[in-house]
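Note: the block below is data11.txt and it holds compact mmCIF, C-alpha atoms.
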```
# COMPACT_ATOMS: atom_id res chain seq x y z
CA MET A 29 27.97 -26.66 -83.72
CA GLN A 30 30.08 -23.49 -83.48
CA GLU A 31 32.02 -24.76 -80.45
CA GLN A 32 32.83 -28.12 -82.02
CA ILE A 33 36.49 -28.67 -82.79
CA HIS A 34 38.23 -31.52 -84.57
CA ILE A 35 41.91 -31.82 -83.62
CA PRO A 36 43.87 -32.99 -86.66
CA PHE A 37 44.25 -36.76 -86.82
CA LEU A 38 48.03 -36.67 -87.03
CA PHE A 39 48.21 -34.52 -83.90
CA THR A 40 46.03 -37.02 -82.04
CA VAL A 41 48.17 -39.96 -83.14
CA VAL A 42 51.40 -38.28 -82.05
CA ILE A 43 49.92 -37.27 -78.70
CA ALA A 44 49.00 -40.92 -78.06
CA PHE A 45 52.69 -41.65 -77.55
CA PHE A 46 52.80 -39.20 -74.65
CA LEU A 47 49.72 -40.32 -72.72
CA GLN A 48 51.90 -41.82 -70.05
CA GLY A 49 51.71 -38.37 -68.44
CA CYS A 50 55.34 -37.60 -69.27
CA VAL A 51 56.76 -34.36 -70.66
CA ALA A 52 57.54 -34.59 -74.37
CA THR A 53 61.08 -33.44 -75.10
CA GLN A 54 60.15 -32.20 -78.59
CA SER A 55 57.48 -29.84 -79.79
CA PHE A 56 54.85 -30.94 -82.29
CA PRO A 57 55.68 -30.35 -85.04
CA THR A 58 59.41 -30.53 -84.33
CA VAL A 59 60.19 -28.02 -87.10
CA ALA A 60 58.25 -24.76 -87.52
CA ARG A 61 58.37 -21.23 -88.93
CA GLY A 62 57.69 -18.03 -87.08
CA GLY A 63 53.91 -17.60 -87.27
CA ASP A 64 53.11 -21.33 -87.17
CA THR A 65 51.06 -23.01 -84.45
CA ILE A 66 52.82 -25.63 -82.32
CA THR A 67 51.82 -27.79 -79.37
CA LEU A 68 53.80 -28.81 -76.30
CA ALA A 69 52.92 -31.92 -74.30
CA VAL A 70 53.87 -30.89 -70.75
CA GLY A 71 52.95 -33.98 -68.75
CA SER A 72 50.27 -34.10 -66.07
CA PRO A 73 50.48 -30.94 -63.93
CA ASP A 74 47.72 -30.09 -61.46
CA GLY A 75 46.38 -26.55 -61.66
CA MET A 76 48.20 -25.32 -64.77
CA THR A 77 46.65 -22.17 -66.29
CA LYS A 78 47.68 -19.47 -68.71
CA SER A 79 48.03 -17.05 -65.80
CA ASN A 80 50.48 -19.17 -63.76
CA THR A 81 52.62 -20.42 -66.64
CA THR A 82 55.21 -18.70 -68.83
CA VAL A 83 56.88 -19.98 -72.00
CA GLN A 84 60.07 -18.76 -73.66
CA PHE A 85 61.89 -19.67 -76.86
CA VAL A 86 65.66 -19.78 -76.40
CA SER A 87 67.82 -19.90 -79.52
CA ASP A 88 70.73 -22.35 -79.43
CA VAL A 89 72.32 -20.24 -82.18
CA ASP A 90 72.57 -16.80 -80.58
CA SER A 91 71.01 -17.36 -77.10
CA SER A 92 68.24 -14.86 -77.84
CA ILE A 93 65.12 -15.23 -75.69
CA VAL A 94 61.56 -14.52 -76.84
CA SER A 95 58.42 -14.87 -74.74
CA LEU A 96 55.75 -17.08 -76.30
CA PRO A 97 52.08 -16.33 -75.62
CA ILE A 98 49.98 -19.33 -74.60
CA ARG A 99 46.90 -19.67 -76.75
CA SER A 100 45.27 -22.55 -74.85
CA VAL A 101 45.89 -25.03 -72.05
CA ILE A 102 44.04 -28.27 -72.79
CA ARG A 103 43.85 -31.62 -71.01
CA LEU A 104 43.74 -34.71 -73.22
CA ARG A 105 42.60 -38.15 -72.07
CA PRO A 106 42.71 -41.58 -73.72
CA ASP A 107 39.67 -43.36 -75.12
CA GLN A 108 37.98 -44.85 -72.05
CA THR A 109 37.74 -48.22 -73.80
CA SER A 110 41.40 -48.28 -74.86
CA LYS A 111 44.23 -50.43 -73.52
CA THR A 112 45.91 -47.29 -72.19
CA ALA A 113 42.84 -46.43 -70.11
CA LEU A 114 41.94 -49.90 -68.87
CA PHE A 115 44.94 -52.22 -68.84
CA ASN A 116 48.11 -50.12 -68.63
CA GLY A 117 49.97 -50.71 -65.38
CA PHE A 118 52.19 -47.65 -65.76
CA VAL A 119 49.24 -45.32 -66.29
CA ASP A 120 47.41 -46.99 -63.40
CA ALA A 121 50.32 -46.27 -61.05
CA GLN A 122 50.85 -42.69 -62.21
CA ASP A 123 48.06 -41.26 -60.05
CA ASN A 124 49.87 -42.38 -56.90
CA TYR A 125 52.46 -39.71 -57.72
CA THR A 126 50.25 -36.95 -59.11
CA ILE A 127 47.21 -37.53 -56.80
CA HIS A 128 44.80 -36.94 -59.67
CA SER A 129 43.53 -38.90 -62.64
CA GLN A 130 45.62 -39.53 -65.70
CA TRP A 131 45.55 -36.65 -68.15
CA LEU A 132 48.05 -35.09 -70.53
CA THR A 133 48.22 -31.30 -70.58
CA VAL A 134 48.95 -29.71 -73.95
CA LEU A 135 49.91 -26.08 -74.55
CA VAL A 136 48.87 -24.57 -77.88
CA ILE A 137 51.15 -21.72 -78.96
CA ASP A 138 51.23 -19.42 -81.99
CA LEU A 139 54.89 -18.69 -82.63
CA PRO A 140 55.70 -15.00 -83.20
CA GLU A 141 57.63 -13.99 -86.28
CA GLY A 142 61.27 -12.96 -86.06
CA LEU A 143 62.61 -15.98 -84.16
CA THR A 144 66.26 -16.84 -84.83
CA ILE A 145 66.59 -19.48 -87.56
CA GLY A 146 68.10 -22.75 -86.38
CA ALA A 147 67.96 -25.11 -83.43
CA GLY A 148 66.49 -23.91 -80.18
CA HIS A 149 64.42 -24.97 -77.23
CA VAL A 150 61.40 -23.92 -75.24
CA ASP A 151 61.62 -23.29 -71.49
CA ILE A 152 58.36 -23.58 -69.53
CA ASN A 153 57.88 -22.33 -66.00
CA THR A 154 54.69 -22.95 -64.07
CA ALA A 155 53.39 -22.76 -60.51
CA ALA A 156 51.33 -25.90 -61.16
CA THR A 157 52.34 -28.97 -59.21
CA TYR A 158 53.53 -32.36 -60.42
CA GLY A 159 52.80 -34.00 -57.08
CA ALA A 160 55.47 -36.43 -55.92
CA LEU A 161 57.09 -36.77 -59.33
CA PRO A 162 60.79 -35.89 -59.00
CA VAL A 163 60.88 -33.89 -62.26
CA GLY A 164 58.35 -31.57 -63.90
CA VAL A 165 58.21 -29.41 -66.99
CA ASN A 166 60.14 -26.61 -65.22
CA ASP A 167 63.17 -28.89 -65.38
CA ILE A 168 62.82 -30.12 -68.97
CA PRO A 169 63.68 -28.03 -72.06
CA VAL A 170 61.59 -28.86 -75.15
CA SER A 171 63.56 -28.84 -78.39
CA ILE A 172 62.35 -27.18 -81.61
CA GLU A 173 63.96 -26.10 -84.87
CA ILE A 174 63.00 -22.81 -86.49
CA ILE A 175 63.25 -22.70 -90.27
CA GLU A 176 63.04 -19.85 -92.78
CA GLY A 177 59.73 -18.59 -94.05
CA THR A 178 56.55 -17.10 -92.70
CA GLY A 179 54.21 -19.50 -90.98
CA VAL A 180 50.44 -19.61 -90.74
CA ARG A 181 48.36 -19.71 -87.57
CA ASN A 182 46.29 -22.89 -87.42
CA ASP A 183 42.62 -22.03 -86.86
CA PHE A 184 41.71 -25.75 -86.63
CA ASN A 185 39.02 -25.28 -89.27
CA TYR A 186 36.40 -28.01 -89.41
CA ASN A 187 33.44 -29.08 -91.49
CA ASN A 188 30.38 -29.57 -89.28
CA ASN A 189 29.11 -32.38 -91.55
CA PHE A 190 26.20 -30.20 -92.66
CA GLY A 191 28.20 -28.23 -95.21
CA ASP A 192 29.40 -25.37 -93.02
CA VAL A 193 33.09 -24.73 -92.38
CA GLY A 194 34.32 -22.68 -89.42
CA ALA A 195 37.24 -22.12 -87.08
CA GLY A 196 37.50 -24.34 -84.02
CA ASN A 197 37.05 -22.74 -80.62
CA LEU A 198 39.95 -24.01 -78.50
CA SER A 199 38.67 -22.18 -75.44
CA ALA A 200 35.67 -24.52 -75.41
CA LEU A 201 38.10 -27.35 -74.57
CA GLU A 202 39.70 -25.56 -71.63
CA SER A 203 38.78 -26.22 -68.02
CA LEU A 204 36.00 -24.05 -66.62
CA PRO A 205 36.40 -22.37 -63.20
CA GLN A 206 35.80 -25.03 -60.58
CA ALA A 207 35.97 -25.93 -56.93
CA VAL A 208 38.34 -28.87 -56.61
CA PHE A 209 38.12 -31.32 -53.73
CA ARG A 210 41.61 -32.75 -53.23
CA THR A 211 42.73 -35.81 -51.34
CA PRO A 212 45.95 -35.95 -49.30
CA TYR A 213 49.14 -37.58 -50.57
CA LEU A 214 49.32 -40.92 -48.80
CA ALA A 215 52.35 -42.52 -50.48
CA TRP A 216 50.94 -45.75 -51.90
CA THR A 217 48.39 -46.27 -49.16
CA GLN A 218 46.92 -49.73 -48.59
CA ILE A 219 43.71 -48.28 -47.13
CA LEU A 220 40.71 -49.59 -49.06
CA PHE A 221 37.01 -49.01 -48.47
CA ALA A 222 33.57 -49.65 -49.98
CA ALA A 223 31.80 -46.32 -49.62
CA ALA A 224 32.39 -42.70 -48.73
CA GLU A 225 30.30 -39.67 -47.89
CA VAL A 226 31.91 -36.28 -48.40
CA LYS A 227 30.19 -33.10 -47.24
CA ILE A 228 31.46 -29.70 -48.33
CA ASN A 229 30.29 -26.16 -47.74
CA LEU A 230 30.42 -24.25 -51.00
CA PRO A 231 28.83 -20.76 -51.04
CA LEU A 232 26.66 -20.72 -54.17
CA GLY A 233 24.16 -17.97 -53.46
CA SER A 234 21.34 -17.98 -56.00
CA VAL A 235 22.97 -20.48 -58.41
CA GLN A 236 20.34 -22.98 -59.52
CA THR A 237 21.04 -26.67 -58.91
CA SER A 238 20.46 -27.27 -62.62
CA ASP A 239 23.52 -25.10 -63.31
CA ILE A 240 25.79 -27.23 -61.11
CA ARG A 241 27.81 -30.24 -62.20
CA VAL A 242 29.80 -32.46 -59.85
CA VAL A 243 32.46 -34.32 -61.81
CA ALA A 244 34.32 -37.26 -60.30
CA ASP A 245 37.93 -37.48 -61.39
CA ASP A 246 38.19 -40.39 -63.84
CA PHE A 247 40.88 -42.80 -62.69
CA TYR A 248 40.39 -45.11 -65.68
CA THR A 249 41.85 -48.48 -64.67
CA LYS A 250 41.04 -48.05 -60.97
CA ASN A 251 37.48 -46.76 -61.36
CA ALA A 252 36.52 -49.40 -63.93
CA GLN A 253 38.09 -52.19 -61.91
CA ASP A 254 36.60 -51.02 -58.59
CA GLN A 255 33.18 -50.24 -60.17
CA VAL A 256 33.24 -46.79 -58.58
CA GLN A 257 29.95 -44.92 -58.69
CA MET A 258 29.27 -41.33 -57.59
CA ASN A 259 26.13 -39.33 -56.80
CA TRP A 260 25.52 -36.00 -55.13
CA SER A 261 22.85 -33.83 -53.57
CA ARG A 262 22.54 -30.23 -52.44
CA ILE A 263 20.89 -28.44 -49.53
CA ASP A 264 21.55 -24.70 -49.81
CA ASP A 265 25.35 -24.27 -49.69
CA GLU A 266 26.09 -27.81 -48.49
CA LEU A 267 26.85 -30.49 -51.07
CA THR A 268 26.97 -34.17 -50.19
CA VAL A 269 28.96 -36.36 -52.57
CA ASN A 270 28.71 -40.15 -52.20
CA PHE A 271 31.02 -42.79 -53.64
CA VAL A 272 30.37 -46.55 -53.75
CA SER A 273 32.68 -49.43 -54.69
CA PRO A 274 30.91 -52.83 -54.58
CA SER A 275 34.29 -54.55 -54.57
CA ALA A 276 35.36 -52.54 -51.50
CA THR A 277 38.67 -51.72 -53.14
CA MET A 278 38.41 -47.93 -53.47
CA GLU A 279 41.45 -45.83 -52.49
CA PRO A 280 41.30 -42.36 -50.90
CA LEU A 281 42.66 -40.65 -54.03
CA GLN A 282 39.57 -41.82 -55.95
CA LEU A 283 37.46 -39.39 -53.94
CA ARG A 284 38.78 -36.39 -55.85
CA PHE A 285 36.05 -34.41 -57.61
CA SER A 286 35.28 -30.95 -59.05
CA VAL A 287 32.21 -28.75 -58.79
CA VAL A 288 31.66 -26.83 -62.03
CA LEU A 289 29.10 -24.11 -62.74
CA SER A 290 27.56 -23.44 -66.14
CA PRO A 291 29.06 -20.39 -67.91
CA GLY A 292 27.54 -17.14 -66.67
CA ASN A 293 27.57 -18.26 -63.04
CA THR A 294 30.39 -17.44 -60.64
CA PHE A 295 31.65 -18.85 -57.36
CA ILE A 296 31.41 -16.83 -54.16
CA THR A 297 34.90 -16.55 -52.67
CA GLU A 298 33.92 -15.16 -49.26
CA PRO A 299 33.54 -17.19 -47.19
CA GLU A 300 35.89 -19.75 -48.67
CA PRO A 301 34.62 -23.28 -49.34
CA SER A 302 35.37 -25.84 -46.66
CA VAL A 303 35.28 -29.57 -46.02
CA VAL A 304 32.56 -30.38 -43.49
CA SER A 305 33.11 -34.12 -43.09
CA VAL A 306 34.58 -37.21 -44.72
CA LYS A 307 33.10 -40.58 -43.70
CA LEU A 308 34.41 -43.90 -44.96
CA TYR A 309 32.83 -47.35 -44.68
CA ASP A 310 34.17 -50.88 -45.18
CA ALA A 311 32.46 -53.74 -47.03
CA ASN A 312 30.21 -54.42 -44.01
CA GLY A 313 29.08 -50.81 -43.70
CA ILE A 314 31.22 -50.27 -40.62
CA PRO A 315 32.86 -46.82 -40.34
CA THR A 316 36.58 -46.83 -41.01
CA GLU A 317 39.21 -44.10 -41.15
CA ILE A 318 42.46 -43.13 -42.79
CA PHE A 319 44.03 -41.39 -39.80
CA SER A 320 43.63 -42.71 -36.29
CA ASN A 321 42.30 -40.34 -33.60
CA VAL A 322 42.24 -37.38 -36.02
CA PRO A 323 39.23 -36.39 -38.15
CA ASP A 324 39.91 -37.40 -41.75
CA GLU A 325 38.40 -34.16 -43.08
CA ASN A 326 41.38 -32.27 -41.63
CA PHE A 327 43.55 -33.73 -44.41
CA PHE A 328 41.28 -33.00 -47.36
CA THR A 329 41.03 -29.58 -49.00
CA ILE A 330 38.72 -27.77 -51.39
CA GLY A 331 39.60 -24.62 -53.31
CA ILE A 332 38.31 -22.58 -56.23
CA GLU A 333 40.54 -22.33 -59.28
```
Any chance you could give the structure as structure tokens?
Amino acid sequence: MQEQIHIPFLFTVVIAFFLQGCVATQSFPTVARGGDTITLAVGSPDGMTKSNTTVQFVSDVDSSIVSLPIRSVIRLRPDQTSKTALFNGFVDAQDNYTIHSQWLTVLVIDLPEGLTIGAGHVDINTAATYGALPVGVNDIPVSIEIIEGTGVRNDFNYNNNFGDVGAGNLSALESLPQAVFRTPYLAWTQILFAAAEVKINLPLGSVQTSDIRVVADDFYTKNAQDQVQMNWSRIDDELTVNFVSPSATMEPLQLRFSVVLSPGNTFITEPEPSVVSVKLYDANGIPTEIFSNVPDENFFTIGIE
């Protein structure tokens, strides 16, 4: 139970307002002291990590700038049985811009002491991509007010329901290293199909199959509506990932998936992973394709991150 963490209820309720994948223009909480823990809802970037993202506090009072260390980068998702997940047209359309499932990325930051008292804002710069969205977090300042006093770092303490109390481990909620199979941006494609077979070459060496997880990106409304199912198999360094949609209404972006290894295992980076083939089939089992006269696999990528 040591890796269990209960995010405070109020935090969860507030975050629910931002699950449209948008960047929140205020920190949570909106008022804090130096030393307090705050969170920033930064929309739905793809590939955001602590190493490719920087955060700065800029005082509106004296223009002073202070770098803010990122404690954790966490993706939040709605309850899979909620209205947001199943019957929200805006959320359903969002993935056509981001080319990945609907998540909200939250930065957890422990504010340093000594920040200028008064109104200010947080500037975030990241190499992560926001897909085809015209604006990302790099373009949006997040407002915050610093008040007097010395704050306290939030350890997210929890009771494990057996009488023990401990600090939550935020790192247990962060993404593990993974090989991500990405689909091409097709700008609201009308291409639909019933099944797909994706073969990738992923050097795994002596990693046991029991230590491998293949995780299909969860597209909520689309996957539930299209009854998308996924299974996979492995022969040495070649993985075959199969998708089926009985309604024959699956879109190419729903093929996105990640290969994750249990902690203690590492990916081999030389040679790099590659896409071997992508085969699509219509409702009658007849091969179909996204791009005419060009192998579809040329437009899909897989990379370790």
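The residue that comes closest to Ile263 in chain A, out of A:Pro231, A:Val163, A:Gly71, A:Ile93 and on the basis of only C-alpha atoms, is A:Pro231.
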Just give me the gap between CA of Asp265 in chain A and CA of Arg241 in chain A in Å, one decimal is fine.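 These atoms are spaced 14.1 Å apart.
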May I ask for the distance between CA of Met278 in chain A and CA of Thr249 in chain A, given in Å to one decimal place?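 CA of Met278 in chain A sits 11.7 Å away from CA of Thr249 in chain A.
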Protein and nucleic acid residues near (44.3, -25.7, -84.3) (cut-off 7 Å, only C-alpha atoms) as JSON, numbers by chain: {"A": [35, 182, 183, 184, 196]}
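Selecting by distance to (37.4, -25.2, -90.3) with a limit of 6 Å and using all atoms listed in the file, one obtains Phe184, Asn185, Tyr186, Asn187, Val193, Gly194 and Ala195 of chain A.
Considering the residues A:Gln282, A:Thr126, A:Asn116, A:Gln108 and counting only C-alpha atoms, Ala223 in chain A has its shortest atom-to-atom contact with A:Gln282.
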Nearest candidate to Lys227 in chain A (options A:Arg210, A:Arg262, A:Arg105, A:Arg61; using only C-alpha atoms): A:Arg262
Excluding Leu143 in chain A and any residue of its chain fewer than 4 positions from it, enumerate the residues within 9 Å of it, using only C-alpha atoms, and give them as a PDB file with C-alpha atoms, in the frame of the given file.
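Writing the result to selection_1.pdb gives the following:
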```pdb
ATOM      1  CA  ARG A  61      58.370 -21.230 -88.930  1.00  0.00           C
ATOM      2  CA  GLY A  62      57.690 -18.030 -87.080  1.00  0.00           C
ATOM      3  CA  PHE A  85      61.890 -19.670 -76.860  1.00  0.00           C
ATOM      4  CA  SER A  87      67.820 -19.900 -79.520  1.00  0.00           C
ATOM      5  CA  SER A  92      68.240 -14.860 -77.840  1.00  0.00           C
ATOM      6  CA  ILE A  93      65.120 -15.230 -75.690  1.00  0.00           C
ATOM      7  CA  VAL A  94      61.560 -14.520 -76.840  1.00  0.00           C
ATOM      8  CA  LEU A 139      54.890 -18.690 -82.630  1.00  0.00           C
ATOM      9  CA  ILE A 174      63.000 -22.810 -86.490  1.00  0.00           C
TER      10      ILE A 174
END
```
Report the distance between CA of Leu68 in chain A and CA of Asp151 in chain A in Å, rounded to one decimal place.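 Going from CA of Leu68 in chain A over to CA of Asp151 in chain A, I get 10.7 Å.
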Would you mind listing what lies within 12 Å of Val306 in chain A as a VMD selection string, with only C-alpha atoms counted and same-chain residues fewer than 3 positions away left out? chain A and resid 209 to 211 223 to 228 268 to 271 280 283 to 284 302 to 303 309 315 to 319 322 to 329
For each of A:Gly313, A:Gly148, A:Gly179, A:Pro97, take the minimum atom-to-atom distance to Thr81 in chain A, counting only C-alpha atoms, then give the residue where this is smallest.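 The answer is A:Pro97, which sits nearest to Thr81 in chain A.
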With only C-alpha atoms as the counted atoms, please give the residues lying no more than 9 Å from Asp264 in chain A, apart from itself and same-chain residues fewer than 6 positions off, as a list in words. Leu230, Pro231, Leu232 and Gly233 of chain A
